[in-house]
Structure formats: C-alpha cells, structure tokens
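Report on one structure; see the data block that follows.
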Amino acid sequence: MRRVETIYGPLAVLALLIGFAFIADNYFLRLSTSLLMYVVLALSWNFIGGLAGYPSFATAAFFGLGAYCGAILQKAGVPMFVAWAAAGLLSGVFAMALGRAILHLKGHYFAIASLIVAEALREVVNTWTGLTGGGMGLNLPILRLDVTVQARFFFFSMLTIAAASFVLSAFVIRSKLGFGLSCIRQNEDAANILGVDATTYKISAFTLSAVLVGPAGAIYATWVNYIEPGDVFEILHSVKPIVMVILGGAGTLYGPIVGAFAFIVLEEVVWRNVLTFHSGLLGLLIVLLVLFMPQGLMRVTARRLLRRKTRP
Amino acid sequence: MTALLELKGVSRSFGGIAAVNNVTASFQKGEIVGLIGPNGAGKTTLVNLVTGVHHIDAGEIVFDGKRINGLKSHRISRLGVARTFQVVQPFPEMTVADNVAAGALFAGGAGSVAAAREEAQQHLEFVGLGAMADTLASALTLPDRKRLELAKSLAIKPKLLMLDEVNAGLNLREIDDALKLIRAIADTGVTIVIIEHVIKVVVSLSDRLLVLHHGELIADGPPDDVVKDPQVVEAYLGARFAQRMRGGTA
C-alpha cells in the first residue's frame with residue numbers, strides 16, 4: 001500500500017499480451033487462456049481469502065454456476081455477451097445471499113460450509129435434467145470461426161475479465177473497503193469495536209470473489225463447447241486458486257497473478273516430464289514451496305532468504 | 001448534569017447463571033467512574049453489553065439520549081463509545097499509525113484513508129507514541145501496546161471510554177504513566193469508566209465508584225465511602241474477615 005505503483009507496468013504487460021496473441025501458436029494461446037482464467041479465479045479468491053482472511057472453497061460453485069447460467073442462456077438463444085454478463089450477475093447475487101447465510105462462521109466451519117456449496121449445486125444440476133441436461137451435460141452453440149481466430153477470441157475474452165479483476169483488486173486494496181477487510185482478517189472483534197461494519201464488508205468481499213468468476217465460467221463453457229457437472233463444479237477449481245494465491249502472496253495485488261503464472265508453468269512442466277506421477281509431484285512441489293516461502297513469492301527477497309538461513 | 005449513559009435494570013445470563021443482574025446506574029458527562037468487583041463479578045460482561053458484543057436479556061441501555069441495546073457493535077462505536085480490551089487487541093500486521101487510522105476512518109469520521117493516517121499521528125503524539133508511527137504493532141512492548149489501545153480508542157472520537165483492566169500487566173511506574181494519560185483524556189471532556197480489580201488504582205482516580213458482586217450492583221458512591229462499605233469489604237475479603245475488621249474498628 002505504501003509503494004506507489006505506476007500504471008505503466010500493467011499497461012506494458014497488457015500490450016505485451018495483446019502482441020503475444022498475434023504471434024503465439026494455438027497451444028500457447030490455449031495455455032495462456034487457461035492461465036488468464038486462473039488469474040481471474042485467484043484474484044477473486046484474494047478478496048475473501050487474502051484480504052478478509054476467510055478460507056472460502058466456494059470458487060468452484062461460482063464457476064459452475066456461471067458456466068451453467070451462460071450455457072443455458074446461450075442455448076435458449078440469448079446473445080453470447082449478454083449470457084456472460086448474466087452469469088456474472090447470477091453468481092454475484094448468489095454469493096451475496098450465500099454470504100449472508102454462512103459468513104458468521106469462522107475458520108474451519110466457514111471452509112466446510114463453503115466447500116459443500118459446489119457439491120450441492122452439482123447435485124441440483126445432476127437432478128434437474130430438464131434444464132441442465134443432468135449428468136449428460138450440455139452442448140453449446142459452436143462459433144463459426146476459424147480455429148486460430150477462435151483461440152484468439154477466447155484469449156481476449158479471458159484477458160478482458162482478468163484485466164477487470166486486476167483493476168477491481170487494485171481499487172479495492174487501496175480503498176476503505178480493503179483497509180476494513182485487512183482489519184477484519186487480523187482481528188474481527190477489534191475491527192467491530194473500531195466501527196468496521198464487519199458483516200457488510202465480509203459479504204462485499206464474498207460477492208467480489210464471485211462476480212467475475214461467473215463470467216469466467218461462462219466464457220469457459222462457450223470456449224470448450226460442452227460442459228458437465230463433474231467438470232465445472234470440480235473441487236480443483238476451488239483449491240487451485242487458493243494454492244496460487246498462497247504461492248504468490250495472499251492479500252497482495254500482484255501475488256495472485258504471479259502465483260497463477262508460477263502454478264501453470266509448474267503444472268505444465270511437471271505434466272510433460274512426469275506423466276505418470278504428475279499430480280503427486282506437483283503436490284509435493286507445492287507443499288515444499290509453501291513450507292519454505294509461507295509469505296509467498298511476492299515477499300521473497302534475497303535478504304529475507306538469507307535471514308531465514310541464519311536463524312537458529 | 002445530564003447522564004451520558006444510563007443502565008436501567010440491565011440483566012444478562014449465560015446458561016442460567018446471571019452474569020449481570022438488574023443493574024441500574026448512570027454515568028454523567030465528564031465523570032471518571034471506577035467499576036470494581038472481584039474476579040467474575042460481571043465487570044467485563046457489563047462492558048460487553050454496553051458495546052453490543054453481547055445483548056441484554058432485560059432492561060434498557062440509553063446512551064446520549066438514544067436507546068442502544070440491540071444495536072451492533074460498529075454502530076455503537078460510531079455513536080462515540082470506545083473501549084479497550086483486557087487483552088490488548090492490535091492489528092499485528094499493520095503499522096502503529098494504521099492501527100489508529102482504522103478507528104479514525106471507520107468511526108471517527110475521517111473522510112479518506114490518507115486523512116485518517118494524518119489524524120492518527122495526532123492521537124499517537126497525545127499518548128506518547130509519536131515516534132513509533134511506522135513500527136509494526138506486533139513489535140511494540142506491552143506498555144506501548146496499551147498506549148496504542150488508548151490511541152485507537154481516541155481515534156473514534158469517543159464521548160465514553162471504557163477501560164477494561166488497562167493497567168493489568170504493568171509495573172508501578174508504568175501504571176503511574178497510564179493514570180496520568182487517563183487524567184489527560186478525561187480533561188478533554190470524555191467520560192471514563194475504568195474497570196479494575198485493584199481497588200487502590202481506581203480510588204485515587206475516580207470521582208465515583210461502582211461495585212459489582214455476583215452480577216449485582218452493591219455500591220455506588222464516592223470512593224472513600226464505598227471502600228468502607230461493609231458489603232463491599234465482605235465481597236472482597238469474605239464474610240468472616242469482614243466481621244473481624246468490623247469488630248476491630250468498633
């Protein structure tokens with residue numbers, strides 16, 4: 001907060017990314033679109049988990065809800081962009097209502113309550129065959145576009161949502177809301193006594209953690225053309241953003257982005273080289289990283305590493 | 001004088017045990033009131049009821065002409081009720097200045113984070129922490145943390161300040177400094193309720209003493225009278241010892 005970041009850095013990155021989209025091959029475009037999707041998920045989780053300190057496992061619920069909202073609306077003939085926006089609205093409203101119900105819980109209790117939501121939604125989608133296709137899944141209208149153009153289109157769509165997440169985060173972290181959330185994380189009782197409206201602030205953070213995940217889910221659905229409950233309500237959609245944020249630095253602006261990047265690179269390298277044991281090795285790497293860099297990559301400096309080593 | 005805070009028949013029980021039982025008392029503007037009582041007498045519960053941490057079962061709490069029972073903590077603090085906790089509660093990862101700025105921002109009416117930080121500096125100077133503004137709160141010593149609690153409370157621009165065992169864990173010299181500070185705060189017109197179980201500390205400072213015992217108010221009056229009250233002596237020393245004392249002085 002004390003550091004005055006200029007706007008030029010992010011703008012340069014944005015320009016690079018736009019340039020990248022026109023020279024990269026389809027594999028890199030696909031990978032980068034995934035990365036941007038995870039940047040959205042990580043930055044979003046950072047509101048509730050990183051700033052407010054509430055370990056939410058509800059990201060998968062918002063993602064799946066957004067994916068199904070977008071898919072169902074598009075199938076019904078609603079224009080694509082409207083369907084994506086509606087997904088954001090629905091997941092935001094859903095998070096607001098859900099937050100009212102479970103945010104009075106703390107620590108493990110909150111984590112478990114938020115974890116169950118995705119499972120519950122998955123069951124609803126499974127059962128409501130008439131609307132959602134149930135376990136058979138849903139096919140989405142196919143975009144009649146050239147493969148490369150399509151890859152670029154989805155890259156830019158995710159980039160837009162990721163940039164929106166970044167701007168929203170930058171704004172919130174510097175605002176009164178961010179200050180209040182930080183107080184709540186460190187000591188909720190003391191925050192209340194100093195006039196922080198903890199209930200409203202927590203619900204705001206929870207809503208912020210959903211409102212852009214919904215569109216990311218909807219874009220994902222359009223991108224892959226076919227969704228099914230097990231795919232979009234996958235628990236890993238909740239877990240991965242948490243790992244990314246912790247890896248990068250919780251509560252910081254750049255931490256979630258750096259963490260998402262590091263995670264995707266690790267995942268890809270490990271996946272390619274150790275096909276049979278990739279998730280095991282990835283897990284091990286993450287455990288080691290978190291153990292030795294509990295503050296995240298963003299807070300690692302040479303001096304800190306040295307100090308660690310000289311400590312008895 | 002008009003009462004700033006009025007408790008009317010305030011009661012609260014936890015699991016069938018009355019922690020605070022039918023307490024009626026009033027606190028005047030600018031007064032320093034000592035609230036004493038043995039451990040478990042309900043002193044902290046009373047503070048928690050006034051600040052909205054717990055809700056009352058019966059009675060009424062009126063602050064500055066407004067009924068405040070049933071309001072949430074943050075609303076009560078915005079009306080001008082500040083408190084410190086028995087165990088200090090800083091935001092450990094924030095600087096000392098930001099800790100105080102939080103109070104100014106969320107309850108003290110500061111317009112922006114920057115304005116709140118500026119205001120925080122004044123409160124820090126007042127409590128003698130001016131030089132520590134950029135230190136992390138977690139790095140402060142205990143006496144300094146207590147000062148920080150006071151600065152945070154002042155930042156909400158309180159009309160009423162409730163100090164819950166603000167001297168616990170301090171040595172005599174440090175207590176002396178703390179009492180001077182509390183006097184200085186009172187001189188700015190803030191009503192102070194000082195909660196202690198060490199009677200000596202309160203007697204010298206207070207205009208009036210209230211004594212709680214088993215959740216009931218057993219005495220309310222000038223300090224010198226209250227400490228001689230047989231009921232108070234009994235509450236503190238036990239019935240047998242109190243009787244011996246009475247026999248000795250008669």
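Letters for chains follow the order of the structure tokens (A, B, ...), residue numbers begin at 1 for each chain, and ligand numbers begin at 1 in the order shown.
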Find the nearest atom pair between each residue of chain A and chain B for residues within 9 Å, count only C-alpha atoms, give distances in Å to one decimal, sort rows by chain and ascending number, and present the table as a Markdown table.
| residue | atom | partner | partner_atom | distance |
| --- | --- | --- | --- | --- |
| A:Arg174 | CA | B:Val113 | CA | 8.5 |
| A:Ser175 | CA | B:Val113 | CA | 7.4 |
| A:Lys176 | CA | B:Val113 | CA | 6.4 |
| A:Phe179 | CA | B:Ala102 | CA | 7.6 |
| A:Gly180 | CA | B:Ala102 | CA | 7.5 |
| A:Ser182 | CA | B:Phe91 | CA | 8.6 |
| A:Cys183 | CA | B:Phe91 | CA | 6.4 |
| A:Ile184 | CA | B:Phe91 | CA | 8.9 |
| A:Arg185 | CA | B:Phe91 | CA | 8.7 |
| A:Gln186 | CA | B:Phe91 | CA | 5.4 |
| A:Asn187 | CA | B:Phe91 | CA | 6.2 |
| A:Asp189 | CA | B:Gln89 | CA | 8.4 |
| A:Ala190 | CA | B:Gln89 | CA | 6.1 |
| A:Ala191 | CA | B:Ala102 | CA | 8.0 |
| A:Asn192 | CA | B:His74 | CA | 5.0 |
| A:Ile193 | CA | B:His74 | CA | 5.7 |
| A:Leu194 | CA | B:Gly103 | CA | 4.8 |
| A:Gly195 | CA | B:His74 | CA | 4.0 |
| A:Val196 | CA | B:Phe106 | CA | 5.5 |
| A:Asp197 | CA | B:His74 | CA | 5.7 |
| A:Ala198 | CA | B:His74 | CA | 8.1 |
inquiry  = Which residue is closest to Ala19 (chain B)? Choose from B:Ile192, B:Ala133, B:Leu212, B:Val96 and count only C-alpha atoms.
reply    = B:Leu212
ask   = Excluding same-chain residues fewer than 5 positions from Gly280 (chain A), what lies within 12 Å of it counting only C-alpha atoms, as a list of chain:residue names?
value =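 The residues that qualify are A:Glu267, A:Val270, A:Trp271, A:Val274, A:Leu275, A:Leu285, A:Ile286, A:Val287.
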request  = Give me, please, the distance in Å between CA of Leu103 (chain A) and CA of Phe57 (chain A), quoted to one decimal.
outcome  =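 Taking CA of Leu103 (chain A) and CA of Phe57 (chain A), their separation equals 12.5 Å.
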query = In Å to one decimal, how far is CA of Ser32 (chain A) from CA of Val265 (chain A)?
reply = 10.3 Å
ask   = Quick one: residues within 10 Å of Glu268 (chain A), only C-alpha atoms counted, chain neighbours fewer than 6 positions away excluded, as JSON, numbers by chain?
value = {"A": [31, 262, 278, 282]}
